[in-house]
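Take a look at the structure below.
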Amino acid sequence: MGKTGKIITAGLLVAVLAFAAGAANAKDKVKVGFIGPLTGGVSVNGIGGRNSADLAVRLRNMDQNAKYEYELVVLDDECKPNVAVQVATKMAADKDIIAAATHYCSATAIATVDTYHKFGFPVIVWGAVLPDITYRNKYAEVHRVNGTMINQNDANAELISQLGYKTVAVIHDTTDYGKGHNEYFSKALAKIGKAKIVGTFGVTADQQDFTAELTQVKALNPDVIYFGGLTPIGVRIRAQMDKLGIKAVFDGTSGIVSDAFIQGLGPLAEGTLAFREGAPTEKLPGGKFFMEKYNAQKYDNPPEAYGAFAYAAMDMILDTIEKVGPDRKKVIDALGNVKDRDSIVGKITFDDHGQNTVPVITKYVIQDGKFVEWEASEYASGKRKLPGQ
Amino acid sequence: MNVGLFAQYVMNGLMLGMMYALVAVGFTLFFGVLNIIKFSHGDVLTVGAFTALAVFSGLHALGFSSQWLDLVVMLAIATLAMAALGMLIARYLVMPLRSAPALNTLLITLMLGTVLRESVRLFYPQGANPKPFPALLPRNSIDIGSFNLRLDNVLMLTAGVAVIVGLQFLLNHTKLGLAIRAVAQDEETARTMGIDFTAIVLITFAIGSGLAAFAGVMNGLYYNEINFGIGLYLGVVGFSAAIIGGLGSIYGAILGGFLFAGLQTIGTVLLPFASAYKDVFAFAVVIAIMAWRPTGLIQEKISERV
């Protein structure tokens with residue numbers, strides 16, 4: 001090979017190098033969004049979700065095979081509906097942002113669905129549990145990876161029926177939250193048909209005295225008292241049940257899954273049932289993988305209960321964009337056909353409302369001052385007995 | 001409805017009524033001496049209950065384990081502390097506003113109530129959560145049919161009656177009571193008779209606020225749970241009870257308290273629709289009574305208002 005050959009080789013080498021570099025640079029930038037409460041009372045959950053979504057984007061950008069380079073746009077809804085509508089409009093109006101993982105608070109998620117629909121902006125809700133978010137309208141833009149109170153009440157009714165209880169008295173607060181629980185629990189119980197509801201009592205969310213209602217409940221003598229509401233009045237009702245000598249099972253919802261419930265009742269909390277959408281992160285199918293990656297990034301805050309769902313939502317958005325390209329319409333179409341998709345929170349299947357129909361529900365029973373998963377408890381193994389068993 | 005169940009409702013109503021009455025008496029006392037409405041009264045009750053709880057934690061930490069000793073010390077400290085708080089409120093918030101419109105006093109005490117409530121929430125350890133209150137009374141109970149008669153309820157009712165009878169005795173049969181009644185009837189004349197007006201007002205506020213602390217502890221013992229919001233609701237109910245009874249009349253306040261509790265119980269038991277409306281029912285009846293007798297069921301003997 002002569003001089004010319006060397007020059008050609010060098011030229012080729014340069015060309016190849018230039019091409020390779022060009023290919024690296026040529027990765028298109030695609031923007032995706034995240035909305036959650038980053039300030040205010042529930043900001044720990046919002047920041048945990050933000051970090052988790054950020055983790056999904058970072059991992060994708062590290063992946064050599066990814067077609068695009070992603071940039072995460074983060075906005076704060078403050079858990080306030082009016083603020084949420086503003087930031088949702090801002091994000092949806094920016095045509096460079098293709099899709100987003102949105103909202104932890106039910107109030108903000110329900111307030112913004114119309115905005116997303118109007119702008120044709122595909123979103124996946126990562127934390128809010130109100131059924132109406134997906135079920136009130138049939139918007140192709142709105143999806144949700146986590147479960148709703150419908151799913152937890154199905155699980156609740158199933159367990160009660162399975163344990164052989166025949167009669168249930170329902171006490172619920174008269175907010176949308178409590179009324180929703182009453183509605184879905186009653187439906188689920190009727191569908192199974194093994195136990196019946198002997199009385200339903202609506203109470204105000206800040207009521208102190210429940211002796212009159214509970215005396216009526218006592219006269220009905222139910223096996224189970226179902227309570228749809230939050231911790232403060234849950235504590236009062238359980239304590240006052242004891243005062244009146246009512247020995248029924250206290251069956252709560254996700255609203256009482258908090259340490260404050262156990263602290264407020266002490267030993268009386270023993271044997272209380274409760275249900276929650278999702279599962280402790282380490283129990284999720286991809287929980288270990290997620291926690292390892294999350295910890296490696298050294299975020300200041302933990303992912304909190306719904307971080308894994310924010311990760312799953314964002315990961316699904318990135319997967320979809322990889323497949324169909326950065327086009328909102330195509331992304332919406334693709335999200336309409338999600339079936340048995342593997343994710344770190346388990347299989348995901350969206351129904352015609354965009355709702356994940358196979359969400360994880362965790363059943364709890366309070367045992368020795370702790371929320372213990374039902375399957376792992378001494379109540380399930382028969383070592384201890386719930387009242388009336 | 002069987003007899004046992006009926007007895008249970010009556011017992012529930014009596015316990016509620018006793019707490020309402022104790023709060024209502026405070027409103028009536030304050031109105032009697034100064035013609036003002038002190039809206040922070042309910043929140044003084046909350047602070048009283050939390051003071052008692054703090055004392056209990058303290059005694060527990062020091063290793064005391066006698067229930068009766070605990071109870072007596074808790075009650076004494078909470079009552080005295082709230083009496084002192086009541087005097088401070090009277091001296092530095094209410095009395096300086098004597099010549100201002102009554103509305104100002106109402107507003108300033110309303111705001112003070114919020115300050116007290118939020119302070120409990122923010123500064124008491126985990127004050128936003130419901131707190132378990134120790135069951136210090138004997139927990140024996142007798143089942144009579146479907147009626148569960150508890151010894152602690154009986155003791156609390158007895159104590160409540162004793163306090164009210166004691167207050168009645170103080171007002172009607174002692175020199176101090178005479179002075180309070182004199183101030184309530186006519187401030188100017190009372191002063192010319194050599195009664196120390198400021199001292200009497202302060203003592204009255206101390207008595208009323210001490211009663212609130214007593215009601216707060218009773219609330220804790222009855223429900224075995226207290227939270228920063230208990231006083232807000234009890235304040236509204238106590239105020240309404242004092243109004244329907246006739247502001248300024250002790251008997252009226254007691255009557256009003258029990259009447260309100262009765263209405264709530266009836267609202268839950270007899271109305272066909274859900275118990276969620278029991279407060280709507282009870283307050284609607286209160287409105288009707290006020291329309292019927294604007295100055296209350298038992299009127300002040302001498303009313304200056306036209």
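To be explicit about the labels: the chains of the structure tokens are called A, B, and onward in the order shown, and within each one the residues are counted from 1, while ligands get numbers from 1 in the order they are shown.
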
Distance limit 9 Å, atoms considered: only C-alpha atoms. Which chain B residues sit that close to chain A? Return them as an NGL selection string.
:B and (1 or 5 or 8-9 or 12-13 or 16 or 126 or 129-133 or 146-150 or 222-227 or 229-230 or 233 or 264-266 or 268-269 or 274-278)

Run DSSP on the backbone and give me the residues of range 43-286 of chain B it puts in strand (DSSP E), as a ChimeraX atom specification.
/B:131-132,141-144,147-150,225-226

Selection to disk with N, CA and C atoms, as a PDB file, in the first residue's frame:
ATOM      1  N   LYS B 131     -54.946  11.223  70.219  1.00  0.00           N
ATOM      2  CA  LYS B 131     -54.110  10.736  71.333  1.00  0.00           C
ATOM      3  C   LYS B 131     -54.917   9.819  72.230  1.00  0.00           C
ATOM      4  N   PRO B 132     -54.354   8.673  72.598  1.00  0.00           N
ATOM      5  CA  PRO B 132     -55.080   7.838  73.558  1.00  0.00           C
ATOM      6  C   PRO B 132     -55.057   8.490  74.933  1.00  0.00           C
ATOM      7  N   SER B 141     -68.295  -3.257  84.445  1.00  0.00           N
ATOM      8  CA  SER B 141     -69.572  -2.933  83.839  1.00  0.00           C
ATOM      9  C   SER B 141     -70.536  -4.084  84.076  1.00  0.00           C
ATOM     10  N   ILE B 142     -71.817  -3.740  84.101  1.00  0.00           N
ATOM     11  CA  ILE B 142     -72.843  -4.763  84.282  1.00  0.00           C
ATOM     12  C   ILE B 142     -73.681  -4.787  83.015  1.00  0.00           C
ATOM     13  N   ASP B 143     -73.945  -5.971  82.503  1.00  0.00           N
ATOM     14  CA  ASP B 143     -74.836  -6.094  81.360  1.00  0.00           C
ATOM     15  C   ASP B 143     -76.238  -6.362  81.856  1.00  0.00           C
ATOM     16  N   ILE B 144     -77.133  -5.419  81.585  1.00  0.00           N
ATOM     17  CA  ILE B 144     -78.530  -5.641  81.940  1.00  0.00           C
ATOM     18  C   ILE B 144     -79.271  -5.733  80.619  1.00  0.00           C
ATOM     19  N   PHE B 147     -78.322  -3.451  77.804  1.00  0.00           N
ATOM     20  CA  PHE B 147     -77.798  -2.226  78.402  1.00  0.00           C
ATOM     21  C   PHE B 147     -76.491  -2.540  79.117  1.00  0.00           C
ATOM     22  N   ASN B 148     -75.453  -1.829  78.711  1.00  0.00           N
ATOM     23  CA  ASN B 148     -74.138  -2.034  79.282  1.00  0.00           C
ATOM     24  C   ASN B 148     -73.855  -0.875  80.238  1.00  0.00           C
ATOM     25  N   LEU B 149     -74.123  -1.106  81.541  1.00  0.00           N
ATOM     26  CA  LEU B 149     -73.936  -0.036  82.520  1.00  0.00           C
ATOM     27  C   LEU B 149     -72.502  -0.060  83.013  1.00  0.00           C
ATOM     28  N   ARG B 150     -71.784   1.031  82.767  1.00  0.00           N
ATOM     29  CA  ARG B 150     -70.377   1.067  83.147  1.00  0.00           C
ATOM     30  C   ARG B 150     -70.190   1.900  84.403  1.00  0.00           C
ATOM     31  N   GLU B 225     -59.875   9.027  74.223  1.00  0.00           N
ATOM     32  CA  GLU B 225     -59.174   9.562  73.061  1.00  0.00           C
ATOM     33  C   GLU B 225     -59.414  11.059  73.059  1.00  0.00           C
ATOM     34  N   ILE B 226     -58.358  11.839  72.849  1.00  0.00           N
ATOM     35  CA  ILE B 226     -58.565  13.278  72.674  1.00  0.00           C
ATOM     36  C   ILE B 226     -57.795  13.717  71.435  1.00  0.00           C
TER      37      ILE B 226
END

With only C-alpha atoms as the counted atoms, please give the residues lying no more than 12 Å from Ile89 in chain B, apart from itself and same-chain residues fewer than 5 positions off, as a PyMOL selection string.
chain B and resi 30+38-41+44+82-84+94-97+105+108-109+112-113+116+201-206+208-209

Please produce an output containing C-alpha atoms for each residue in the selection, written as a PDB file, in the first residue's frame.
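The resulting selection.pdb:
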ATOM      1  CA  PHE B  30     -68.763  34.965  81.382  1.00  0.00           C
ATOM      2  CA  LYS B  38     -65.871  34.295  74.918  1.00  0.00           C
ATOM      3  CA  PHE B  39     -65.421  32.047  71.926  1.00  0.00           C
ATOM      4  CA  SER B  40     -62.099  30.550  72.995  1.00  0.00           C
ATOM      5  CA  HIS B  41     -63.892  28.651  75.746  1.00  0.00           C
ATOM      6  CA  VAL B  44     -59.482  26.168  76.684  1.00  0.00           C
ATOM      7  CA  MET B  82     -56.887  26.450  83.002  1.00  0.00           C
ATOM      8  CA  ALA B  83     -58.209  28.669  85.800  1.00  0.00           C
ATOM      9  CA  ALA B  84     -54.952  30.623  85.514  1.00  0.00           C
ATOM     10  CA  VAL B  94     -61.125  40.755  77.517  1.00  0.00           C
ATOM     11  CA  MET B  95     -60.988  43.510  80.156  1.00  0.00           C
ATOM     12  CA  PRO B  96     -58.921  45.959  78.078  1.00  0.00           C
ATOM     13  CA  LEU B  97     -61.641  45.763  75.436  1.00  0.00           C
ATOM     14  CA  THR B 105     -64.270  40.740  72.158  1.00  0.00           C
ATOM     15  CA  ILE B 108     -60.467  38.465  69.539  1.00  0.00           C
ATOM     16  CA  THR B 109     -61.503  35.401  71.553  1.00  0.00           C
ATOM     17  CA  LEU B 112     -57.391  33.254  70.433  1.00  0.00           C
ATOM     18  CA  GLY B 113     -59.283  29.968  70.165  1.00  0.00           C
ATOM     19  CA  LEU B 116     -54.771  27.727  71.217  1.00  0.00           C
ATOM     20  CA  VAL B 201     -64.377  39.120  86.967  1.00  0.00           C
ATOM     21  CA  LEU B 202     -61.061  37.283  87.204  1.00  0.00           C
ATOM     22  CA  ILE B 203     -62.443  34.768  89.682  1.00  0.00           C
ATOM     23  CA  THR B 204     -65.464  34.151  87.489  1.00  0.00           C
ATOM     24  CA  PHE B 205     -63.220  33.481  84.489  1.00  0.00           C
ATOM     25  CA  ALA B 206     -61.104  31.181  86.631  1.00  0.00           C
ATOM     26  CA  GLY B 208     -65.545  28.954  84.147  1.00  0.00           C
ATOM     27  CA  SER B 209     -62.199  27.903  82.658  1.00  0.00           C
TER      28      SER B 209
END

Find the spatial neighbours of Ile192 in chain A, counting only C-alpha atoms, within a cut-off of 10 Å - ignore same-chain residues fewer than 3 positions away - and output them as JSON, numbers by chain.
{"A": [154, 157, 158, 161, 162, 187, 188, 189, 195, 196]}

Just N, CA and C atoms for this one: save the residues we selected as a PDB file, in the first residue's frame.
ATOM      1  N   ASP A 154     -63.077  -4.585  46.603  1.00  0.00           N
ATOM      2  CA  ASP A 154     -63.280  -5.949  46.110  1.00  0.00           C
ATOM      3  C   ASP A 154     -62.511  -6.931  46.990  1.00  0.00           C
ATOM      4  N   ALA A 157     -64.227  -7.150  50.513  1.00  0.00           N
ATOM      5  CA  ALA A 157     -65.464  -7.943  50.528  1.00  0.00           C
ATOM      6  C   ALA A 157     -65.137  -9.429  50.375  1.00  0.00           C
ATOM      7  N   GLU A 158     -64.146  -9.702  49.556  1.00  0.00           N
ATOM      8  CA  GLU A 158     -63.770 -11.094  49.333  1.00  0.00           C
ATOM      9  C   GLU A 158     -63.256 -11.744  50.621  1.00  0.00           C
ATOM     10  N   SER A 161     -66.113 -12.296  53.170  1.00  0.00           N
ATOM     11  CA  SER A 161     -66.959 -13.429  52.780  1.00  0.00           C
ATOM     12  C   SER A 161     -66.228 -14.746  53.012  1.00  0.00           C
ATOM     13  N   GLN A 162     -64.965 -14.737  52.654  1.00  0.00           N
ATOM     14  CA  GLN A 162     -64.157 -15.943  52.771  1.00  0.00           C
ATOM     15  C   GLN A 162     -64.012 -16.381  54.225  1.00  0.00           C
ATOM     16  N   LYS A 187     -71.374  -2.756  46.861  1.00  0.00           N
ATOM     17  CA  LYS A 187     -71.515  -3.441  45.566  1.00  0.00           C
ATOM     18  C   LYS A 187     -70.726  -4.750  45.565  1.00  0.00           C
ATOM     19  N   ALA A 188     -69.479  -4.668  46.036  1.00  0.00           N
ATOM     20  CA  ALA A 188     -68.618  -5.849  45.989  1.00  0.00           C
ATOM     21  C   ALA A 188     -69.180  -6.961  46.862  1.00  0.00           C
ATOM     22  N   LEU A 189     -69.706  -6.574  48.026  1.00  0.00           N
ATOM     23  CA  LEU A 189     -70.228  -7.584  48.956  1.00  0.00           C
ATOM     24  C   LEU A 189     -71.488  -8.239  48.380  1.00  0.00           C
ATOM     25  N   ALA A 195     -72.400 -12.451  52.414  1.00  0.00           N
ATOM     26  CA  ALA A 195     -72.698 -11.681  53.617  1.00  0.00           C
ATOM     27  C   ALA A 195     -73.628 -10.545  53.231  1.00  0.00           C
ATOM     28  N   LYS A 196     -74.440 -10.081  54.205  1.00  0.00           N
ATOM     29  CA  LYS A 196     -75.307  -8.964  53.856  1.00  0.00           C
ATOM     30  C   LYS A 196     -75.111  -7.783  54.813  1.00  0.00           C
TER      31      LYS A 196
END

Run DSSP on the backbone and grab whatever in range 244-282 of chain B lands in alpha helix (DSSP H); send it over as an NGL selection string.
:B and (244-245 or 250-269 or 278-282)

Could those residues be written to a file, using C-alpha atoms, as a PDB file, in the first residue's frame?
ATOM      1  CA  ILE B 244     -81.301  28.221  74.168  1.00  0.00           C
ATOM      2  CA  GLY B 245     -81.187  27.925  77.919  1.00  0.00           C
ATOM      3  CA  ILE B 250     -76.986  28.675  85.123  1.00  0.00           C
ATOM      4  CA  TYR B 251     -80.069  26.466  85.119  1.00  0.00           C
ATOM      5  CA  GLY B 252     -80.733  27.468  81.545  1.00  0.00           C
ATOM      6  CA  ALA B 253     -77.253  26.390  80.467  1.00  0.00           C
ATOM      7  CA  ILE B 254     -77.632  23.006  82.137  1.00  0.00           C
ATOM      8  CA  LEU B 255     -81.077  22.534  80.655  1.00  0.00           C
ATOM      9  CA  GLY B 256     -79.738  23.596  77.247  1.00  0.00           C
ATOM     10  CA  GLY B 257     -76.847  21.135  77.428  1.00  0.00           C
ATOM     11  CA  PHE B 258     -79.046  18.163  78.186  1.00  0.00           C
ATOM     12  CA  LEU B 259     -81.664  19.295  75.693  1.00  0.00           C
ATOM     13  CA  PHE B 260     -79.080  19.443  72.918  1.00  0.00           C
ATOM     14  CA  ALA B 261     -77.732  15.992  73.771  1.00  0.00           C
ATOM     15  CA  GLY B 262     -81.288  14.679  73.810  1.00  0.00           C
ATOM     16  CA  LEU B 263     -81.988  16.186  70.401  1.00  0.00           C
ATOM     17  CA  GLN B 264     -78.865  14.603  68.920  1.00  0.00           C
ATOM     18  CA  THR B 265     -79.751  11.200  70.313  1.00  0.00           C
ATOM     19  CA  ILE B 266     -83.320  11.490  69.055  1.00  0.00           C
ATOM     20  CA  GLY B 267     -81.973  12.653  65.712  1.00  0.00           C
ATOM     21  CA  THR B 268     -79.923   9.492  65.397  1.00  0.00           C
ATOM     22  CA  VAL B 269     -82.457   7.031  66.701  1.00  0.00           C
ATOM     23  CA  LYS B 278     -78.400  14.458  63.439  1.00  0.00           C
ATOM     24  CA  ASP B 279     -76.549  17.748  63.826  1.00  0.00           C
ATOM     25  CA  VAL B 280     -78.686  19.341  61.136  1.00  0.00           C
ATOM     26  CA  PHE B 281     -81.737  18.217  63.066  1.00  0.00           C
ATOM     27  CA  ALA B 282     -80.429  19.321  66.480  1.00  0.00           C
TER      28      ALA B 282
END

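Minimum distance to Phe119 in chain A across A:Ala380, A:Ala169, A:Ala99, A:Ala107 (counting only C-alpha atoms) occurs at A:Ala99.
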
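Taking only C-alpha atoms into account, Asp340 in chain A lies nearest to A:Pro359 out of the set A:Pro359, A:Gly229, A:Gly369, A:Gly255.
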
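Across the structure, CA of Phe121 in chain A and CA of His103 in chain A are spaced 14.3 Å apart.
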
Please list as a list in words every residue within 9 Å of Pro294 in chain B, counting only C-alpha atoms and excluding residues in the same chain fewer than 3 positions away.
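Counting only the stated atoms, we get Ile243, Ile244, Gly246, Ile289, Met290, Ala291 and Leu297 of chain B.
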
With range 66-80 of chain A as the partner and 9 Å as the cut-off, tabulate the residues of range 284-328 of chain A that qualify, each row holding the nearest pair of atoms and their distance in Å to one decimal, using only C-alpha atoms, sorted by chain and rising number, as a Markdown table.
| residue | atom | partner | partner_atom | distance |
| --- | --- | --- | --- | --- |
| A:Leu318 | CA | A:Tyr70 | CA | 8.4 |
| A:Ile321 | CA | A:Tyr68 | CA | 8.7 |
| A:Glu322 | CA | A:Lys67 | CA | 6.3 |
| A:Gly325 | CA | A:Lys67 | CA | 8.9 |
| A:Pro326 | CA | A:Tyr68 | CA | 8.9 |

Just write the chosen residues, N, CA and C atoms, as a PDB file, in the first residue's frame.
ATOM      1  N   LEU A 318     -41.853   6.001  28.289  1.00  0.00           N
ATOM      2  CA  LEU A 318     -40.606   5.959  27.512  1.00  0.00           C
ATOM      3  C   LEU A 318     -40.615   4.778  26.546  1.00  0.00           C
ATOM      4  N   ILE A 321     -42.842   5.679  23.607  1.00  0.00           N
ATOM      5  CA  ILE A 321     -42.230   6.645  22.692  1.00  0.00           C
ATOM      6  C   ILE A 321     -41.140   5.963  21.863  1.00  0.00           C
ATOM      7  N   GLU A 322     -40.365   5.074  22.504  1.00  0.00           N
ATOM      8  CA  GLU A 322     -39.342   4.317  21.777  1.00  0.00           C
ATOM      9  C   GLU A 322     -39.984   3.570  20.610  1.00  0.00           C
ATOM     10  N   GLY A 325     -42.524   6.467  18.443  1.00  0.00           N
ATOM     11  CA  GLY A 325     -41.970   7.776  18.120  1.00  0.00           C
ATOM     12  C   GLY A 325     -42.635   8.882  18.925  1.00  0.00           C
ATOM     13  N   PRO A 326     -41.990  10.052  18.967  1.00  0.00           N
ATOM     14  CA  PRO A 326     -42.493  11.154  19.777  1.00  0.00           C
ATOM     15  C   PRO A 326     -43.690  11.851  19.134  1.00  0.00           C
TER      16      PRO A 326
END

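Rounded to one decimal, CA of Ala212 in chain B and CA of Lys175 in chain B lie 23.4 Å from each other.
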
So what do you get for CA of Ile36 in chain B versus CA of Gly86 in chain B, distance-wise?
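Rounded to one decimal, the two atoms are 14.0 Å apart.
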
Pick from B:Ala24, B:Ala179, B:Leu45, B:Leu62, whichever lies nearest to Phe214 in chain B using only C-alpha atoms
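Of all the options, B:Leu45 lies closest to Phe214 in chain B.
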
For range 253-317 of chain A versus range 126-130 of chain A, which residues have an atom no more than 12 Å away, and what is each residue's nearest atom pair and distance in Å rounded to one decimal, using only C-alpha atoms, chain-then-number order, as a Markdown table?
| residue | atom | partner | partner_atom | distance |
| --- | --- | --- | --- | --- |
| A:Ser254 | CA | A:Val129 | CA | 10.2 |
| A:Gly255 | CA | A:Val129 | CA | 11.4 |
| A:Arg276 | CA | A:Val129 | CA | 10.1 |
| A:Glu277 | CA | A:Val129 | CA | 8.1 |
| A:Gly278 | CA | A:Gly127 | CA | 9.7 |
| A:Glu304 | CA | A:Gly127 | CA | 10.9 |
| A:Ala305 | CA | A:Gly127 | CA | 9.0 |
| A:Tyr306 | CA | A:Gly127 | CA | 5.9 |
| A:Gly307 | CA | A:Trp126 | CA | 8.3 |
| A:Ala308 | CA | A:Trp126 | CA | 8.8 |
| A:Phe309 | CA | A:Trp126 | CA | 5.4 |
| A:Ala310 | CA | A:Trp126 | CA | 4.9 |
| A:Tyr311 | CA | A:Trp126 | CA | 8.3 |
| A:Ala312 | CA | A:Trp126 | CA | 8.1 |
| A:Ala313 | CA | A:Trp126 | CA | 6.1 |
| A:Met314 | CA | A:Trp126 | CA | 8.7 |
| A:Asp315 | CA | A:Trp126 | CA | 11.4 |
| A:Met316 | CA | A:Trp126 | CA | 11.2 |
| A:Ile317 | CA | A:Trp126 | CA | 11.7 |
